[in-house]
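Q: As input, take my_file_38.tsv (TSV, C-alpha atoms):
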chain	number	residue	atom	x	y	z
A	999	MET	CA	-21.47	-19.19	14.12
A	1000	PRO	CA	-18.70	-21.20	15.81
A	1001	VAL	CA	-18.71	-21.58	19.58
A	1002	LEU	CA	-15.34	-21.35	21.28
A	1003	SER	CA	-14.27	-24.37	23.25
A	1004	ARG	CA	-12.17	-24.18	26.41
A	1005	ALA	CA	-9.12	-24.99	24.31
A	1006	ASP	CA	-9.84	-21.94	22.18
A	1007	THR	CA	-10.13	-19.40	25.00
A	1008	SER	CA	-6.45	-18.46	24.66
A	1009	LEU	CA	-5.52	-15.34	22.73
A	1010	LEU	CA	-4.44	-17.32	19.66
A	1011	GLY	CA	-7.53	-19.51	19.89
A	1012	ARG	CA	-9.86	-16.52	19.94
A	1013	TRP	CA	-7.86	-14.96	17.10
A	1014	TRP	CA	-8.17	-18.06	14.92
A	1015	TRP	CA	-11.95	-18.22	15.30
A	1016	THR	CA	-12.56	-14.51	14.82
A	1017	VAL	CA	-10.06	-13.45	12.16
A	1018	ASP	CA	-11.02	-13.36	8.47
A	1019	ARG	CA	-9.21	-16.52	7.43
A	1020	TRP	CA	-9.96	-16.08	3.71
A	1021	THR	CA	-8.20	-12.72	3.71
A	1022	LEU	CA	-5.35	-14.28	5.66
A	1023	VAL	CA	-4.97	-16.94	2.96
A	1024	ALA	CA	-5.02	-14.25	0.26
A	1025	ILE	CA	-2.28	-12.30	2.05
A	1026	ALA	CA	-0.19	-15.47	2.39
A	1027	THR	CA	-0.69	-16.05	-1.35
A	1028	LEU	CA	0.70	-12.59	-2.14
A	1029	ILE	CA	3.69	-13.21	0.14
A	1030	GLY	CA	4.29	-16.46	-1.75
A	1031	PHE	CA	4.11	-14.60	-5.07
A	1032	GLY	CA	6.57	-12.08	-3.66
A	1033	TYR	CA	9.12	-14.80	-2.90
A	1034	ILE	CA	8.69	-16.39	-6.34
A	1035	MET	CA	9.09	-13.06	-8.11
A	1036	MET	CA	12.28	-12.27	-6.20
A	1037	LEU	CA	13.69	-15.61	-7.38
A	1038	ALA	CA	12.68	-14.71	-10.94
A	1039	ALA	CA	13.58	-11.02	-11.17
A	1040	SER	CA	16.29	-10.05	-8.70
A	1041	PRO	CA	19.38	-12.13	-9.70
A	1042	ALA	CA	19.65	-10.36	-13.07
A	1043	VAL	CA	19.33	-6.94	-11.40
A	1044	ALA	CA	21.93	-7.87	-8.77
A	1045	GLU	CA	24.44	-9.00	-11.39
A	1046	ARG	CA	23.92	-5.83	-13.42
A	1047	ILE	CA	24.88	-3.65	-10.42
A	1048	HIS	CA	27.75	-5.98	-9.50
A	1049	GLN	CA	26.17	-7.49	-6.39
A	1050	ALA	CA	25.88	-11.12	-5.31
A	1051	ARG	CA	23.06	-12.88	-7.20
A	1052	ASP	CA	21.20	-13.76	-4.01
A	1053	VAL	CA	21.51	-10.42	-2.20
A	1054	PHE	CA	17.97	-9.20	-2.95
A	1055	ILE	CA	16.49	-12.64	-2.40
A	1056	LEU	CA	17.98	-12.98	1.07
A	1057	LYS	CA	16.92	-9.47	2.09
A	1058	GLN	CA	13.40	-9.96	0.75
A	1059	VAL	CA	13.01	-13.29	2.55
A	1060	ILE	CA	13.83	-11.50	5.80
A	1061	PHE	CA	11.40	-8.69	4.96
A	1062	LEU	CA	8.61	-11.14	4.07
A	1063	VAL	CA	9.11	-13.25	7.21
A	1064	VAL	CA	9.04	-10.13	9.39
A	1065	ALA	CA	6.00	-8.89	7.44
A	1066	GLY	CA	4.16	-12.15	8.12
A	1067	LEU	CA	4.89	-11.85	11.84
A	1068	ILE	CA	3.70	-8.22	11.83
A	1069	VAL	CA	0.44	-9.20	10.11
A	1070	VAL	CA	-0.31	-11.86	12.73
A	1071	ALA	CA	0.84	-9.79	15.72
A	1072	VAL	CA	-1.09	-6.65	14.74
A	1073	SER	CA	-4.22	-8.65	13.83
A	1074	LEU	CA	-4.35	-9.84	17.46
A	1075	LEU	CA	-5.07	-6.28	18.63
A	1076	SER	CA	-8.45	-4.91	19.66
A	1077	PRO	CA	-9.83	-1.82	17.89
A	1078	LYS	CA	-8.57	0.26	20.82
A	1079	GLY	CA	-5.11	-1.28	20.41
A	1080	VAL	CA	-5.15	-0.59	16.67
A	1081	ARG	CA	-6.04	3.04	17.38
A	1082	ARG	CA	-3.18	3.44	19.86
A	1083	VAL	CA	-0.62	1.86	17.52
A	1084	ALA	CA	-1.83	4.04	14.62
A	1085	LEU	CA	-1.73	7.29	16.59
A	1086	ALA	CA	1.77	6.57	17.87
A	1087	GLY	CA	2.88	5.39	14.43
A	1088	CYS	CA	1.44	8.47	12.74
A	1089	ALA	CA	3.26	10.82	15.14
A	1090	ILE	CA	6.59	8.97	14.70
A	1091	ALA	CA	6.22	8.73	10.91
A	1092	LEU	CA	5.39	12.44	10.71
A	1093	ALA	CA	8.48	13.36	12.72
A	1094	LEU	CA	10.75	11.09	10.64
A	1095	THR	CA	9.24	12.31	7.37
A	1096	ALA	CA	10.00	15.88	8.44
A	1097	LEU	CA	13.54	14.74	9.33
A	1098	THR	CA	14.11	13.52	5.76
A	1099	LEU	CA	13.92	17.13	4.56
A	1100	VAL	CA	17.03	18.06	6.57
A	1101	ALA	CA	18.89	14.78	7.06
A	1102	GLY	CA	17.45	12.52	4.40
A	1103	VAL	CA	19.26	10.57	1.70
A	1104	GLU	CA	18.68	12.07	-1.75
A	1105	ILE	CA	17.91	9.54	-4.49
A	1106	LYS	CA	16.88	10.64	-8.00
A	1107	GLY	CA	16.29	14.20	-6.82
A	1108	ALA	CA	13.97	13.30	-3.91
A	1109	ARG	CA	14.63	13.22	-0.16
A	1110	ARG	CA	12.38	10.42	1.09
A	1111	TRP	CA	14.76	8.09	2.90
A	1112	ILE	CA	16.65	7.99	6.18
A	1113	SER	CA	19.79	5.91	6.23
A	1114	VAL	CA	19.63	3.09	8.78
A	1115	PRO	CA	22.51	0.57	9.13
A	1116	GLY	CA	21.95	-2.00	6.39
A	1117	VAL	CA	18.80	-0.44	4.87
A	1118	SER	CA	17.19	2.85	3.89
A	1119	LEU	CA	13.96	3.65	5.72
A	1120	GLN	CA	11.16	5.56	3.98
A	1121	PRO	CA	9.02	6.91	6.86
A	1122	SER	CA	6.24	8.19	4.59
A	1123	GLU	CA	5.31	4.59	3.75
A	1124	PHE	CA	4.05	4.20	7.32
A	1125	LEU	CA	1.96	7.36	7.06
A	1126	LYS	CA	-0.46	5.60	4.69
A	1127	PRO	CA	-1.88	3.02	7.14
A	1128	CYS	CA	-1.35	5.05	10.31
A	1129	PHE	CA	-2.98	8.22	8.98
A	1130	ALA	CA	-5.95	6.21	7.63
A	1131	VAL	CA	-6.67	4.89	11.13
A	1132	ALA	CA	-5.88	8.19	12.88
A	1133	ALA	CA	-8.17	10.12	10.51
A	1134	ALA	CA	-10.91	7.51	11.04
A	1135	TRP	CA	-10.70	8.00	14.81
A	1136	LEU	CA	-10.82	11.80	14.52
A	1137	LEU	CA	-13.79	11.71	12.15
A	1138	ALA	CA	-15.62	9.14	14.29
A	1139	GLU	CA	-15.07	11.17	17.47
A	1140	GLY	CA	-16.35	14.23	15.65
A	1141	GLN	CA	-19.55	12.33	14.83
A	1142	ARG	CA	-20.00	11.19	18.43
A	1143	SER	CA	-19.53	14.65	19.92
A	1144	ARG	CA	-20.16	17.90	18.10
A	1145	ARG	CA	-17.91	19.66	20.60
A	1146	PHE	CA	-14.93	17.63	19.39
A	1147	PRO	CA	-13.45	19.22	16.21
A	1148	GLY	CA	-12.64	15.85	14.67
A	1149	MET	CA	-12.91	16.85	11.01
A	1150	LEU	CA	-10.94	20.05	11.60
A	1151	LEU	CA	-8.12	18.13	13.31
A	1152	ALA	CA	-8.13	15.46	10.58
A	1153	PHE	CA	-7.77	18.18	7.92
A	1154	ALA	CA	-4.97	19.82	9.93
A	1155	VAL	CA	-2.97	16.58	10.08
A	1156	PHE	CA	-3.70	15.96	6.41
A	1157	LEU	CA	-2.37	19.41	5.45
A	1158	VAL	CA	0.84	18.81	7.42
A	1159	ILE	CA	1.33	15.50	5.60
A	1160	ALA	CA	0.58	17.14	2.25
A	1161	ILE	CA	3.18	19.88	2.85
A	1162	LEU	CA	5.83	17.34	3.87
A	1163	LEU	CA	5.21	15.05	0.90
A	1164	LYS	CA	5.17	18.00	-1.52
A	1165	SER	CA	8.51	19.14	-0.12
A	1166	GLN	CA	10.24	15.78	-0.60
A	1167	PRO	CA	8.67	15.63	-3.30
A	1168	ASP	CA	6.54	12.45	-3.43
A	1169	MET	CA	3.41	13.24	-5.43
A	1170	GLY	CA	2.44	9.59	-5.90
A	1171	MET	CA	2.33	8.96	-2.17
A	1172	LEU	CA	0.41	12.19	-1.70
A	1173	ALA	CA	-2.11	11.16	-4.36
A	1174	VAL	CA	-2.78	7.85	-2.57
A	1175	ILE	CA	-3.23	9.57	0.82
A	1176	VAL	CA	-5.54	12.17	-0.75
A	1177	GLY	CA	-7.60	9.37	-2.31
A	1178	VAL	CA	-7.87	7.44	0.95
A	1179	PHE	CA	-8.80	10.53	2.98
A	1180	PHE	CA	-11.41	11.57	0.44
A	1181	VAL	CA	-12.98	8.07	0.51
A	1182	GLN	CA	-13.15	8.25	4.32
A	1183	LEU	CA	-14.76	11.70	4.20
A	1184	PHE	CA	-17.34	10.40	1.72
A	1185	VAL	CA	-18.14	7.34	3.86
A	1186	SER	CA	-18.42	9.51	6.98
A	1187	GLY	CA	-21.29	11.41	5.36
A	1188	LEU	CA	-19.61	14.40	3.74
A	1189	ASN	CA	-22.13	16.84	2.27
A	1190	LEU	CA	-22.67	16.30	-1.48
A	1191	MET	CA	-21.72	19.89	-2.26
A	1192	LEU	CA	-18.46	19.40	-0.38
A	1193	VAL	CA	-17.86	16.25	-2.42
A	1194	VAL	CA	-18.09	18.35	-5.59
A	1195	VAL	CA	-15.76	20.94	-4.05
A	1196	GLY	CA	-13.36	18.15	-3.11
A	1197	PHE	CA	-13.29	16.81	-6.66
A	1198	ALA	CA	-12.64	20.32	-7.93
A	1199	GLY	CA	-9.82	20.68	-5.43
A	1200	ILE	CA	-8.22	17.40	-6.54
A	1201	ILE	CA	-8.39	18.52	-10.18
A	1202	GLY	CA	-6.91	21.89	-9.25
A	1203	ALA	CA	-4.10	20.23	-7.27
A	1204	SER	CA	-3.34	17.94	-10.22
A	1205	VAL	CA	-3.12	20.89	-12.61
A	1206	SER	CA	-0.89	22.75	-10.14
A	1207	ALA	CA	1.41	19.73	-9.79
A	1208	TYR	CA	1.71	19.58	-13.58
A	1209	ALA	CA	2.47	23.30	-13.76
A	1210	PHE	CA	4.96	23.63	-10.90
A	1211	PHE	CA	6.75	20.26	-10.66
A	1212	PRO	CA	9.00	19.49	-13.66
A	1213	HIS	CA	9.19	15.74	-12.93
A	1214	VAL	CA	5.38	15.51	-12.83
A	1215	ARG	CA	5.09	17.47	-16.06
A	1216	SER	CA	7.71	15.26	-17.68
A	1217	ARG	CA	5.93	12.03	-16.73
A	1218	VAL	CA	2.53	13.27	-17.87
A	1219	THR	CA	3.95	14.58	-21.15
A	1220	ARG	CA	5.77	11.30	-21.85
A	1221	PHE	CA	2.57	9.40	-21.04
A	1222	LEU	CA	0.49	11.46	-23.45
A	1223	ASP	CA	3.18	11.50	-26.16
A	1224	PRO	CA	5.77	8.69	-25.80
A	1225	THR	CA	7.98	10.28	-28.48
A	1226	THR	CA	8.77	13.32	-26.31
A	1227	GLY	CA	11.15	11.67	-23.85
A	1228	ASP	CA	12.64	8.58	-22.27
A	1229	ASN	CA	10.06	5.78	-21.92
A	1230	PHE	CA	12.55	2.93	-21.75
A	1231	GLN	CA	11.14	1.14	-18.72
A	1232	VAL	CA	7.50	1.38	-19.80
A	1233	THR	CA	8.39	0.29	-23.35
A	1234	LYS	CA	10.29	-2.72	-22.02
A	1235	ALA	CA	7.42	-3.55	-19.66
A	1236	MET	CA	4.96	-3.58	-22.54
A	1237	GLU	CA	7.36	-5.80	-24.50
A	1238	ALA	CA	7.41	-8.19	-21.54
A	1239	PHE	CA	3.63	-8.56	-21.52
A	1240	GLY	CA	3.68	-9.12	-25.27
A	1241	ASN	CA	6.41	-11.76	-24.97
A	1242	GLY	CA	4.57	-13.57	-22.18
A	1243	GLY	CA	1.27	-13.98	-23.97
A	1244	LEU	CA	-1.37	-16.10	-22.25
A	1245	TRP	CA	0.78	-18.61	-20.33
A	1246	GLY	CA	4.21	-16.97	-20.24
A	1247	ARG	CA	7.65	-18.04	-21.42
A	1248	GLY	CA	8.24	-20.06	-18.27
A	1249	PRO	CA	10.02	-19.45	-14.93
A	1250	GLY	CA	13.46	-17.97	-15.48
A	1251	GLU	CA	12.98	-17.71	-19.25
A	1252	GLY	CA	12.21	-13.99	-19.41
A	1253	HIS	CA	14.66	-11.57	-21.03
A	1254	VAL	CA	13.29	-8.13	-20.14
A	1255	LYS	CA	14.54	-8.39	-16.55
A	1256	ASP	CA	18.10	-8.39	-17.94
A	1257	THR	CA	17.74	-4.78	-19.07
A	1258	LEU	CA	14.90	-3.37	-16.94
A	1259	PRO	CA	16.49	-1.34	-14.06
A	1260	ASP	CA	13.57	-1.77	-11.63
A	1261	ALA	CA	12.59	-5.30	-12.67
A	1262	HIS	CA	12.58	-6.48	-9.04
A	1263	ALA	CA	10.80	-3.41	-7.65
A	1264	ASP	CA	8.42	-1.03	-9.42
A	1265	PHE	CA	8.21	-3.16	-12.61
A	1266	VAL	CA	8.05	-6.64	-11.09
A	1267	PHE	CA	4.54	-7.06	-12.53
A	1268	ALA	CA	6.08	-6.91	-16.03
A	1269	VAL	CA	8.41	-9.79	-15.15
A	1270	ALA	CA	5.40	-11.77	-13.94
A	1271	GLY	CA	3.69	-11.04	-17.24
A	1272	GLU	CA	6.61	-12.27	-19.34
A	1273	GLU	CA	7.47	-15.41	-17.38
A	1274	PHE	CA	4.05	-16.49	-16.11
A	1275	GLY	CA	1.68	-14.92	-18.64
A	1276	MET	CA	-1.61	-13.09	-18.55
A	1277	VAL	CA	-3.37	-15.87	-16.62
A	1278	ILE	CA	-1.14	-15.51	-13.55
A	1279	CYS	CA	-1.30	-11.71	-13.82
A	1280	LEU	CA	-5.09	-11.94	-13.70
A	1281	VAL	CA	-4.81	-14.22	-10.67
A	1282	ILE	CA	-2.64	-11.60	-8.93
A	1283	VAL	CA	-5.17	-8.88	-9.78
A	1284	ALA	CA	-7.99	-11.10	-8.47
A	1285	VAL	CA	-6.18	-11.69	-5.16
A	1286	PHE	CA	-5.72	-7.94	-4.64
A	1287	ALA	CA	-9.37	-7.30	-5.55
A	1288	PHE	CA	-10.50	-10.04	-3.15
A	1289	ILE	CA	-8.61	-8.51	-0.20
A	1290	VAL	CA	-9.99	-5.04	-0.93
A	1291	LEU	CA	-13.58	-6.26	-1.32
A	1292	ARG	CA	-13.40	-8.36	1.86
A	1293	GLY	CA	-12.00	-5.36	3.71
A	1294	LEU	CA	-14.89	-3.20	2.50
A	1295	LEU	CA	-17.67	-5.77	2.99
A	1296	ARG	CA	-16.75	-7.23	6.39
A	1297	PRO	CA	-17.54	-4.00	8.36
A	1298	LEU	CA	-20.99	-3.55	6.74
A	1299	GLY	CA	-22.80	-4.74	9.86
A	1300	GLU	CA	-20.48	-2.85	12.21
A	1301	ASN	CA	-21.99	-0.24	14.56
A	1302	ASP	CA	-18.73	1.47	15.47
A	1303	PRO	CA	-18.05	4.31	12.95
A	1304	PHE	CA	-14.34	4.21	13.80
A	1305	VAL	CA	-14.06	0.58	12.69
A	1306	VAL	CA	-16.02	1.27	9.47
A	1307	LEU	CA	-13.96	4.33	8.54
A	1308	ALA	CA	-10.61	2.78	9.47
A	1309	ALA	CA	-11.27	-0.48	7.60
A	1310	THR	CA	-12.48	1.48	4.56
A	1311	GLY	CA	-9.37	3.65	4.56
A	1312	LEU	CA	-6.99	0.72	4.98
A	1313	ALA	CA	-8.66	-1.33	2.24
A	1314	ALA	CA	-8.79	1.66	-0.12
A	1315	GLY	CA	-5.11	2.48	0.49
A	1316	PHE	CA	-4.06	-1.12	-0.14
A	1317	GLY	CA	-6.07	-1.27	-3.35
A	1318	LEU	CA	-4.92	2.15	-4.61
A	1319	GLN	CA	-1.26	1.25	-4.15
A	1320	ALA	CA	-1.69	-2.00	-6.10
A	1321	PHE	CA	-3.67	-0.21	-8.81
A	1322	VAL	CA	-1.07	2.56	-9.25
A	1323	ASN	CA	1.75	0.03	-9.63
A	1324	MET	CA	-0.03	-2.28	-12.08
A	1325	ALA	CA	-1.66	0.52	-14.08
A	1326	SER	CA	1.61	2.42	-14.54
A	1327	THR	CA	3.36	-0.80	-15.59
A	1328	LEU	CA	0.62	-1.37	-18.20
A	1329	ARG	CA	0.88	2.29	-19.31
A	1330	LEU	CA	-2.69	3.04	-18.24
A	1331	ILE	CA	-1.50	5.99	-16.14
A	1332	PRO	CA	1.77	8.01	-16.01
A	1333	THR	CA	4.61	6.10	-14.39
A	1334	LYS	CA	5.01	6.39	-10.62
A	1335	GLY	CA	7.61	4.73	-8.44
A	1336	MET	CA	5.26	2.76	-6.20
A	1337	THR	CA	5.72	-0.84	-5.13
A	1338	LEU	CA	3.30	-3.72	-5.66
A	1339	PRO	CA	2.28	-4.78	-2.12
A	1340	PHE	CA	4.17	-7.86	-0.86
A	1341	ILE	CA	5.46	-8.66	-4.37
A	1342	SER	CA	7.92	-5.85	-5.15
A	1343	TYR	CA	11.28	-5.69	-3.41
A	1344	GLY	CA	11.46	-3.13	-0.62
A	1345	GLY	CA	11.82	-3.07	3.13
A	1346	SER	CA	9.82	-0.02	4.23
A	1347	SER	CA	7.02	-0.73	1.78
A	1348	VAL	CA	6.63	-4.40	2.73
A	1349	LEU	CA	6.62	-3.66	6.46
A	1350	ALA	CA	4.21	-0.73	6.13
A	1351	VAL	CA	1.81	-2.80	4.01
A	1352	ALA	CA	2.03	-5.60	6.60
A	1353	LEU	CA	1.15	-3.11	9.33
A	1354	GLY	CA	-1.83	-1.90	7.31
A	1355	VAL	CA	-3.29	-5.33	6.50
A	1356	GLY	CA	-2.66	-6.45	10.08
A	1357	MET	CA	-4.76	-3.51	11.27
A	1358	LEU	CA	-7.41	-4.38	8.68
A	1359	LEU	CA	-7.58	-7.98	9.93
A	1360	ALA	CA	-7.80	-6.77	13.53
A	1361	LEU	CA	-10.65	-4.39	12.75
A	1362	THR	CA	-12.63	-6.94	10.71
A	1363	ARG	CA	-12.51	-9.73	13.27
A	1364	ARG	CA	-15.95	-10.95	14.35
A	1365	ARG	CA	-17.27	-8.99	17.32
A	1366	HIS	CA	-20.53	-8.55	19.19
A	1367	ASN	CA	-21.31	-5.17	20.78
A	1368	GLY	CA	-17.66	-4.22	20.41
A	1369	GLU	CA	-16.37	-7.36	22.13
A	1370	LEU	CA	-14.58	-10.22	20.41
A	1371	LEU	CA	-16.60	-13.41	20.15
Would you put the structure from the file into structure tokens?
A:
Amino acid sequence: MPVLSRADTSLLGRWWWTVDRWTLVAIATLIGFGYIMMLAASPAVAERIHQARDVFILKQVIFLVVAGLIVVAVSLLSPKGVRRVALAGCAIALALTALTLVAGVEIKGARRWISVPGVSLQPSEFLKPCFAVAAAWLLAEGQRSRRFPGMLLAFAVFLVIAILLKSQPDMGMLAVIVGVFFVQLFVSGLNLMLVVVGFAGIIGASVSAYAFFPHVRSRVTRFLDPTTGDNFQVTKAMEAFGNGGLWGRGPGEGHVKDTLPDAHADFVFAVAGEEFGMVICLVIVAVFAFIVLRGLLRPLGENDPFVVLAATGLAAGFGLQAFVNMASTLRLIPTKGMTLPFISYGGSSVLAVALGVGMLLALTRRRHNGELL
């Protein structure tokens, strides 16, 4: 174990010796992929909607630079600092998400965005990392003191979030938050019978979503039977993977991005498949898997239940978001408009993911008895 020298006693020095540098490198790799994919995918999309060719590239460069700064800044925090940021962020994101229902911008039938000069902000993106940490704190406090109704409060906040996301509607975001919360409950020692009840509840909620939400029913039906509706984007995505083969057609040589509406956003993985091939796609999958596994394995020797639960939730949320994007692009699950972390175009998503991985890095820094080494 490294010993800090006098030169390393500064905040940045302690951070460098205690942070998970392998995860940091993996995150930097994804940010690099994100820049490359914007160069590859966005000019064609910009021209098709009569915008300057570089408009998405310039915006994404700004988003990625800010995201990198957020990752480093947040990873400097102590667990107590992470908790405070998450609780404040969860309260603000909840209030802004509720605001979208009355003053939000409607896009494709959903009210998920608030118009901010120059960009559209999606507050619910920030609920994913902030609620994961807030729920971890509530559950951990409930374990420490039986008088503190931690699990009850966590469920109350979760229900408020579920009602808001259902009202927007944003069932994909809700599914990810449900998955993360359920993982945290399981890790916290949820009774096996309650686990079974939870699974039954998730199945029941899925059936209800299919029955009562036309857009959910449409996507599931088109997934099960592609001949029943419009599957243009998924069909084009599958063509892209077929065209790319093992090594790809080469940078800039792809054709699917010329007709795929969300080539720079939700379907950027298809562009990667066509231009860089299956090998690079597997590398991208491996980088995501590495970050998730490191996030789950690093807290194994941790004594603080808050750190364990928060890191588990953050890693699970990061992995679930990446899985949903790549699986829907490959037609393994019904399509869902969810970005690929750090690689897809998007301001709110990139910044929220940066906040989440920054918290994960902060929580998985090497400590002894709760104190940084």
Q: Calculated over all atoms listed in the file, which of the candidates A:Trp1111, A:Phe1286, A:Phe1321, A:Phe1239 has the smallest distance to Val1174 (chain A)?
A: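 Of all the options, A:Phe1321 lies closest to Val1174 (chain A).
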Q: Within 12 Å of region 1189-1206 of chain A, counting all atoms listed in the file, which residues qualify if same-chain residues fewer than 6 places away don't, as number ranges by chain?
A: A: 1160, 1164, 1169-1170, 1172-1177, 1179-1183, 1212, 1214-1215, 1218
Q: Of the candidates A:Asn1241, A:Thr1310, A:Ser1216, A:Ser1186, which one gets nearest to Val1355 (chain A) if we count only C-alpha atoms?
A: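 Of the candidates, the smallest distance to Val1355 (chain A) is held by A:Thr1310.
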Q: Please indicate the distance in Å from CA of Leu1298 (chain A) to CA of Leu1349 (chain A), rounded to one decimal place.
A: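 For CA of Leu1298 (chain A) relative to CA of Leu1349 (chain A), the distance reads 27.6 Å.
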Q: Near Phe1267 (chain A), counting only C-alpha atoms, which residues have an atom at most 7 Å away, once you skip same-chain residues fewer than 3 positions from it, shown as a PDB file with C-alpha atoms, keeping the file's coordinate frame?
A:
ATOM      1  CA  ALA A1270       5.400 -11.770 -13.940  1.00  0.00           C
ATOM      2  CA  GLY A1271       3.690 -11.040 -17.240  1.00  0.00           C
ATOM      3  CA  MET A1324      -0.030  -2.280 -12.080  1.00  0.00           C
TER       4      MET A1324
END
Q: Of the residues A:Ser1040, A:Val1064, A:Ser1076, A:Ile1278, which is the one nearest to Leu1009 (chain A), using all atoms listed in the file?
A: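 Selected residue with least distance to Leu1009 (chain A): A:Ser1076.
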Q: Give as a ChimeraX atom specification every residue, naming chains and numbers as the document does, that has an atom within 9 Å of (12.0, 18.7, 1.2), counting all atoms listed in the file.
A: /A:1096,1098-1100,1102,1108-1110,1162-1167
Q: Measuring between only C-alpha atoms, which one of A:Phe1274, A:Phe1146, A:Trp1135, A:Gly1344 shows the shortest distance to Ser1118 (chain A)?
A: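 Counting only C-alpha atoms, the residue closest to Ser1118 (chain A) is A:Gly1344.
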Q: What is the distance between CA of Ala1065 (chain A) and CA of Ala1352 (chain A), in Å to one decimal?
A: 5.2 Å
Q: Choose the residue, out of A:Lys1234, A:Arg1082, A:Arg1051, A:Lys1126, that has the smallest atom-to-atom separation from Phe1316 (chain A); count all atoms listed in the file.
A: A:Lys1126
Q: Between CA of Ala1209 (chain A) and CA of Ile1161 (chain A), what distance in Å does the model show, to one decimal?
A: 17.0 Å
